[in-house]
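The block underneath contains the structure these notes are about, expressed in structure tokens.
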Amino acid sequence: MSVLPGTASAGREREAEGLAEVLRIGPFSSALRAAIAARGLGLDRIQDRLRQHGITLSTATLSYWQSGRRHPERAESLRALKLIEQILELPAGSLGSLLGSSTRRDSRASSGRASRIFDRWPDRPEIAELLSGIPTAPDTSLRRLIQRDQVTVGVDGLIRSMVCSQVMRAERDGVDRCLFAFGCKGHAGEALPAVTNLRNCALGRVAGHRTQCLIAASSCSSELCVKARTVRIEYQLDNPPEATDSKFCGDSFSRIFLRPVPVYLVELCFDGGALPRRCQQFRGKLSGDPKMTRNLELGISNTVCAVSRDFGPGYFGIHWHPALSESDRMHRVVDWSSHWSCNIV
């Protein structure tokens, strides 16, 4: 279908007028975001252009700026901002003029709730950057009552899928989505985990980080729109089939809780050809090392499970010891966060 020249021209004019308006009244984050979108530049390209002029700025920092959670304040950051104005073909000082103290206070107040979520990841900027593209406010109004993860471990000893089931209650009217993130280390290739088999919900916005095999998404459910209504949703995550880095063991699964959950059940289902030597339950604080709390016995169906009550914030999961030869065990690295899932709030 062709587009009439006049229609395209009118669209560009409206876009230019919108950019001019937000550059005039702000806030800074909206103006930066609109300017980047208008020029069609990705954060990586902006970072490269800055680097060519001797300025090092991470894409995570750029993401923080355009989400409103951080503002350029240091001398080096302000120098980078002047160059960004040139890269985006903006009038000199058009972005810097929006960094007044009152604008900064207003922006921080309006994004205070989101900031608390992102501040949970001070050492993982790639996760904070991933989450910046997904609205977080609706999820803060959901209370999770029961959480269950059923994890399937393949014949190669690697996690192949996870079925997540959640019983939730809306704490206000108008809530229609919940958020989740999932990560797995050691995978090669460009594929991301696939979200399938959704029940009582539909897949909303999805963001991925291919090089680190991270995915975050929202699931939408119209049944959550009424305050105090309870709904059970379910979805499945399938890991990509590509080969894995042999240096890492896919030997743990944990769920990260940023708020307490009354009941959490995690169940691991092992292939009969890859039964573990031993399984252990572990838990830890968000910024702390894991602590083994008990040994777990494998059931007759090659399954093992662990239950927590009123747990969080923190992470809770199961670690298993693969049945490897002594030489194989010496050359493999145990990684407690090899696979994890998270309720965003």
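By order of appearance in the structure tokens: chains A, B, ..., then residues from 1 within every chain, and ligands from 1 in the order shown.
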
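Residues in contact with Pro322 (chain A) at 8 Å, where only C-alpha atoms are counted and same-chain residues fewer than 3 positions away are skipped, are listed as Gly157, Asp251, Ala274, Leu275, Pro276, Arg277 and Arg278 of chain A.
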
Given the selection you just returned, output its residues as a file containing C-alpha atoms, formatted as a PDB file, in the first residue's frame.
```pdb
ATOM      1  CA  GLY A 157      21.554 -31.708  32.576  1.00  0.00           C
ATOM      2  CA  ASP A 251      22.980 -26.549  38.112  1.00  0.00           C
ATOM      3  CA  ALA A 274      20.662 -37.135  33.983  1.00  0.00           C
ATOM      4  CA  LEU A 275      19.786 -37.733  37.626  1.00  0.00           C
ATOM      5  CA  PRO A 276      21.758 -35.587  40.096  1.00  0.00           C
ATOM      6  CA  ARG A 277      24.016 -36.931  42.818  1.00  0.00           C
ATOM      7  CA  ARG A 278      22.508 -34.583  45.395  1.00  0.00           C
TER       8      ARG A 278
END
```

Which of region 147-328 of chain A DSSP labels helix (DSSP H, G or I), written as a ChimeraX atom specification:
/A:210-212,222-225,326-328

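If only C-alpha atoms are the atoms counted, then among A:Ser252, A:Ser165, A:Asn302, A:Ser141 the closest residue to Pro290 (chain A) is A:Ser252.
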
Can you pull out every residue within 10 Å of Ser58 (chain A), counting only C-alpha atoms, but drop anything in the same chain fewer than 5 positions away, and send it as a ChimeraX atom specification?
/A:43-44,46-48,63-64,125

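Proximity to Cys305 (chain A) was assessed for A:Arg283, A:Arg51, A:Arg148, A:Arg39 counting only C-alpha atoms; the smallest distance is recorded for A:Arg148.
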
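The residue set within 6 Å of Phe282 (chain A), counting only C-alpha atoms and dropping same-chain residues fewer than 4 places from it, reads Lys291, Met292, Thr293, Phe316, Gly317 and Ile318 of chain A.
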
Nearby residues (only C-alpha atoms) at most 8 Å from Ser30 (chain A), same-chain spacing under 3 positions excluded, as a PyMOL selection string
chain A and resi 22+26-27+33-34+66-68

Just to be explicit: take each residue in the selection above, keep N, CA and C atoms, and write the result as a compact mmCIF listing (two decimals), in the first residue's frame.
```
# COMPACT_ATOMS: atom_id res chain seq x y z
N VAL A 22 8.18 19.42 23.45
CA VAL A 22 8.76 18.76 24.63
C VAL A 22 10.13 19.34 24.96
N GLY A 26 9.80 20.32 28.57
CA GLY A 26 10.34 19.19 29.31
C GLY A 26 9.28 18.16 29.66
N PRO A 27 9.58 17.27 30.60
CA PRO A 27 10.83 17.21 31.37
C PRO A 27 12.00 16.70 30.54
N ARG A 33 14.22 11.33 25.23
CA ARG A 33 13.61 10.15 24.62
C ARG A 33 13.00 10.49 23.26
N ALA A 34 12.31 11.62 23.18
CA ALA A 34 11.68 12.03 21.92
C ALA A 34 12.73 12.36 20.87
N GLN A 66 17.08 8.73 29.93
CA GLN A 66 15.83 8.87 29.17
C GLN A 66 14.64 8.26 29.91
N SER A 67 14.88 7.48 30.96
CA SER A 67 13.77 6.97 31.77
C SER A 67 13.43 7.90 32.93
N GLY A 68 14.29 8.91 33.18
CA GLY A 68 14.01 9.87 34.23
C GLY A 68 14.50 9.47 35.61
```

Would you kindly return, as an MDAnalysis selection string, each protein, DNA or RNA residue with an atom no farther than 9 Å from any atom of Glu171 (chain A), considering only C-alpha atoms and excluding same-chain residues fewer than 6 positions away?
chainID A and resid 140:143 226:229

Go ahead and write the residues just picked, N, CA and C atoms, as a PDB file, in the first residue's frame.
```pdb
ATOM      1  N   THR A 140       3.096  -2.921  40.905  1.00  0.00           N
ATOM      2  CA  THR A 140       3.208  -2.614  42.317  1.00  0.00           C
ATOM      3  C   THR A 140       1.866  -2.711  43.024  1.00  0.00           C
ATOM      4  N   SER A 141       0.793  -2.818  42.286  1.00  0.00           N
ATOM      5  CA  SER A 141      -0.545  -2.909  42.873  1.00  0.00           C
ATOM      6  C   SER A 141      -1.080  -4.334  42.887  1.00  0.00           C
ATOM      7  N   LEU A 142      -0.207  -5.301  42.641  1.00  0.00           N
ATOM      8  CA  LEU A 142      -0.597  -6.705  42.698  1.00  0.00           C
ATOM      9  C   LEU A 142       0.031  -7.361  43.913  1.00  0.00           C
ATOM     10  N   ARG A 143      -0.750  -8.182  44.580  1.00  0.00           N
ATOM     11  CA  ARG A 143      -0.216  -8.958  45.701  1.00  0.00           C
ATOM     12  C   ARG A 143      -0.218 -10.429  45.300  1.00  0.00           C
ATOM     13  N   VAL A 226     -10.413  -5.367  38.576  1.00  0.00           N
ATOM     14  CA  VAL A 226     -11.302  -5.023  39.690  1.00  0.00           C
ATOM     15  C   VAL A 226     -10.584  -5.262  41.014  1.00  0.00           C
ATOM     16  N   LYS A 227     -10.621  -4.272  41.884  1.00  0.00           N
ATOM     17  CA  LYS A 227      -9.961  -4.381  43.180  1.00  0.00           C
ATOM     18  C   LYS A 227     -10.468  -5.590  43.958  1.00  0.00           C
ATOM     19  N   ALA A 228      -9.542  -6.305  44.601  1.00  0.00           N
ATOM     20  CA  ALA A 228      -9.795  -7.468  45.441  1.00  0.00           C
ATOM     21  C   ALA A 228     -10.114  -8.733  44.650  1.00  0.00           C
ATOM     22  N   ARG A 229     -10.135  -8.647  43.338  1.00  0.00           N
ATOM     23  CA  ARG A 229     -10.373  -9.856  42.549  1.00  0.00           C
ATOM     24  C   ARG A 229      -9.104 -10.705  42.528  1.00  0.00           C
TER      25      ARG A 229
END
```

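Using only C-alpha atoms for every distance, the candidate list A:Gly284, A:Pro193, A:Gly93, A:Gly42 yields A:Pro193 as the residue closest to Ile159 (chain A).
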